[in-house]
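Written out below as structure tokens is the structure these notes cover.
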Amino acid sequence: MESSVTLKLSDRIPAPLEVVAEALCGRAYNEAIQRAREDNVSVTYIDLGDGPPRRYEVRLVSYKRKLTGAVDRGATEGSTIHYSYDPQRSALDWRYARQDGDPRVNISGVTRLVAEGGATRVDREVYIDLRLPVIGAGIAKLIVQGFRRGLKRNQATLKEMALARGVGDRGAPGADV
């Protein structure tokens, strides 16, 4: 069975686009959002150069999940999330890759930043495409639920880190917060 889903989330951060982009591509944000997941054991951020585009990876060792969605703390698996931020498009493209290279699981997305005066609109899209016989729909439902929760948490973390770096509700640029 094949299951494809697109998730979308938009938010507004009261900080300039450049500040939000810096936070979005930064080590602190990327490690924080991955460490917040219950199944990740190890998170490694690797900067692949300044670009443009700016490219980096986040390598994960995670506990495997059972068919029910429960975490199996007895087994781990590796994966990598490949990121590329294009400042011309103000867009961060990403692609999830399992270490075993399973072609039946395709998860990717884009985060677009749009300047709105002194603030930034953050538009996220996540594309989930699973080609798993019989159990595909059930697994897709679990993955979608997890992404919905994760996107909201990630958006709150991005807002917090961008505001700590720049302007907005929490002070002047460069203020200690």
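Each chain in the structure tokens gets a letter, A, B, ..., in the order shown, and its residues are numbered from 1; ligands are numbered from 1 in order too.
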
Problem set entry | Spatial neighbours of Ala21 (chain A), 12 Å, only C-alpha atoms, chain gap at least 2 places, as a ChimeraX atom specification | /A:13,15-19,23-26,29,54,84-92,111-115,119-122,158-159,161-163,165-166

For this session: Run DSSP on the backbone and give me the residues of region 49-177 of chain A it puts in strand (DSSP E or B), as number ranges by chain.
Result: A: 54-65, 71-86, 91-98, 105-116, 119-131

Writing out the chosen residues with C-alpha atoms as a PDB file, in the first residue's frame:
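Written file, selection-v2.pdb:
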ATOM      1  CA  ARG A  54      24.734  26.297   3.131  1.00  0.00           C
ATOM      2  CA  ARG A  55      24.783  22.542   3.565  1.00  0.00           C
ATOM      3  CA  TYR A  56      24.822  20.478   6.730  1.00  0.00           C
ATOM      4  CA  GLU A  57      23.749  17.103   8.066  1.00  0.00           C
ATOM      5  CA  VAL A  58      22.333  15.840  11.308  1.00  0.00           C
ATOM      6  CA  ARG A  59      23.239  12.212  11.922  1.00  0.00           C
ATOM      7  CA  LEU A  60      21.064  10.272  14.319  1.00  0.00           C
ATOM      8  CA  VAL A  61      21.175   7.002  16.172  1.00  0.00           C
ATOM      9  CA  SER A  62      17.637   6.261  17.308  1.00  0.00           C
ATOM     10  CA  TYR A  63      15.781   3.499  19.057  1.00  0.00           C
ATOM     11  CA  LYS A  64      13.789   1.477  16.580  1.00  0.00           C
ATOM     12  CA  ARG A  65      10.027   1.717  16.634  1.00  0.00           C
ATOM     13  CA  VAL A  71       9.929   2.808  21.138  1.00  0.00           C
ATOM     14  CA  ASP A  72      11.993  -0.417  21.205  1.00  0.00           C
ATOM     15  CA  ARG A  73      14.904   0.399  23.528  1.00  0.00           C
ATOM     16  CA  GLY A  74      16.505  -2.943  22.692  1.00  0.00           C
ATOM     17  CA  ALA A  75      17.511  -1.987  19.142  1.00  0.00           C
ATOM     18  CA  THR A  76      18.873   1.084  17.374  1.00  0.00           C
ATOM     19  CA  GLU A  77      19.137   2.293  13.782  1.00  0.00           C
ATOM     20  CA  GLY A  78      20.995   5.087  12.056  1.00  0.00           C
ATOM     21  CA  SER A  79      19.709   7.853   9.837  1.00  0.00           C
ATOM     22  CA  THR A  80      20.839  11.171   8.390  1.00  0.00           C
ATOM     23  CA  ILE A  81      18.909  14.332   7.635  1.00  0.00           C
ATOM     24  CA  HIS A  82      20.517  16.257   4.762  1.00  0.00           C
ATOM     25  CA  TYR A  83      19.911  20.036   4.741  1.00  0.00           C
ATOM     26  CA  SER A  84      20.576  22.755   2.170  1.00  0.00           C
ATOM     27  CA  TYR A  85      19.743  26.423   2.830  1.00  0.00           C
ATOM     28  CA  ASP A  86      19.526  28.639  -0.247  1.00  0.00           C
ATOM     29  CA  ALA A  91      14.435  28.215   1.789  1.00  0.00           C
ATOM     30  CA  LEU A  92      15.811  25.245   3.681  1.00  0.00           C
ATOM     31  CA  ASP A  93      15.307  21.944   1.852  1.00  0.00           C
ATOM     32  CA  TRP A  94      15.813  18.719   3.751  1.00  0.00           C
ATOM     33  CA  ARG A  95      15.687  14.987   3.139  1.00  0.00           C
ATOM     34  CA  TYR A  96      15.623  12.126   5.638  1.00  0.00           C
ATOM     35  CA  ALA A  97      17.634   9.019   4.780  1.00  0.00           C
ATOM     36  CA  ARG A  98      17.694   5.771   6.712  1.00  0.00           C
ATOM     37  CA  VAL A 105      10.353   5.368   3.157  1.00  0.00           C
ATOM     38  CA  ASN A 106      10.700   8.881   1.691  1.00  0.00           C
ATOM     39  CA  ILE A 107      10.430  11.861   4.011  1.00  0.00           C
ATOM     40  CA  SER A 108      11.517  15.339   2.996  1.00  0.00           C
ATOM     41  CA  GLY A 109      10.456  18.928   3.357  1.00  0.00           C
ATOM     42  CA  VAL A 110      11.075  22.612   2.907  1.00  0.00           C
ATOM     43  CA  THR A 111      11.035  25.555   5.278  1.00  0.00           C
ATOM     44  CA  ARG A 112      10.484  28.892   3.546  1.00  0.00           C
ATOM     45  CA  LEU A 113      11.232  32.212   5.237  1.00  0.00           C
ATOM     46  CA  VAL A 114       9.320  35.298   4.105  1.00  0.00           C
ATOM     47  CA  ALA A 115      10.251  38.771   5.368  1.00  0.00           C
ATOM     48  CA  GLU A 116       7.247  40.715   6.667  1.00  0.00           C
ATOM     49  CA  ALA A 119       9.273  39.960  11.270  1.00  0.00           C
ATOM     50  CA  THR A 120       9.536  36.647   9.410  1.00  0.00           C
ATOM     51  CA  ARG A 121       6.818  34.249   8.315  1.00  0.00           C
ATOM     52  CA  VAL A 122       7.989  30.650   8.544  1.00  0.00           C
ATOM     53  CA  ASP A 123       6.166  28.258   6.196  1.00  0.00           C
ATOM     54  CA  ARG A 124       6.951  24.569   6.629  1.00  0.00           C
ATOM     55  CA  GLU A 125       5.952  21.660   4.435  1.00  0.00           C
ATOM     56  CA  VAL A 126       6.722  18.012   5.138  1.00  0.00           C
ATOM     57  CA  TYR A 127       6.252  15.356   2.466  1.00  0.00           C
ATOM     58  CA  ILE A 128       5.773  11.785   3.659  1.00  0.00           C
ATOM     59  CA  ASP A 129       5.681   9.021   1.048  1.00  0.00           C
ATOM     60  CA  LEU A 130       5.555   5.415   2.243  1.00  0.00           C
ATOM     61  CA  ARG A 131       5.411   2.343   0.062  1.00  0.00           C
TER      62      ARG A 131
END

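Every protein, DNA or RNA residue with an atom at most 10 Å from Lys141 (chain A), where only C-alpha atoms count and chain neighbours fewer than 5 positions away do not, is listed here: Ser3, Val5, Gly69, Gly136, Gly146 and Phe147 of chain A.
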
For this session: Please identify which residues in region 20-102 of chain A DSSP calls alpha helix (DSSP H) from the backbone, and express them as number ranges by chain.
Result: A: 20-25, 27-35

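Between CA of Pro53 (chain A) and CA of Gln99 (chain A) there is a distance of 24.3 Å.
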
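Our summary of the geometry notes that CA of Leu48 (chain A) is positioned 25.3 Å from CA of Glu160 (chain A).
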
Exercise. Which is closest to Asp39 (chain A) among A:Asp102, A:Gly117, A:Ala70, A:Gln155, if we use only C-alpha atoms?
Worked result: A:Ala70

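The nearest approach to Asp47 (chain A) among the residues A:Arg149, A:Ile139, A:Arg27, A:Gly118, with only C-alpha atoms taken into account, belongs to A:Arg27.
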
Problem set entry | Gap from CA of Ile46 (chain A) to CA of Lys152 (chain A) - Å, one decimal |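 About the pair CA of Ile46 (chain A) and CA of Lys152 (chain A): they are 24.4 Å apart.
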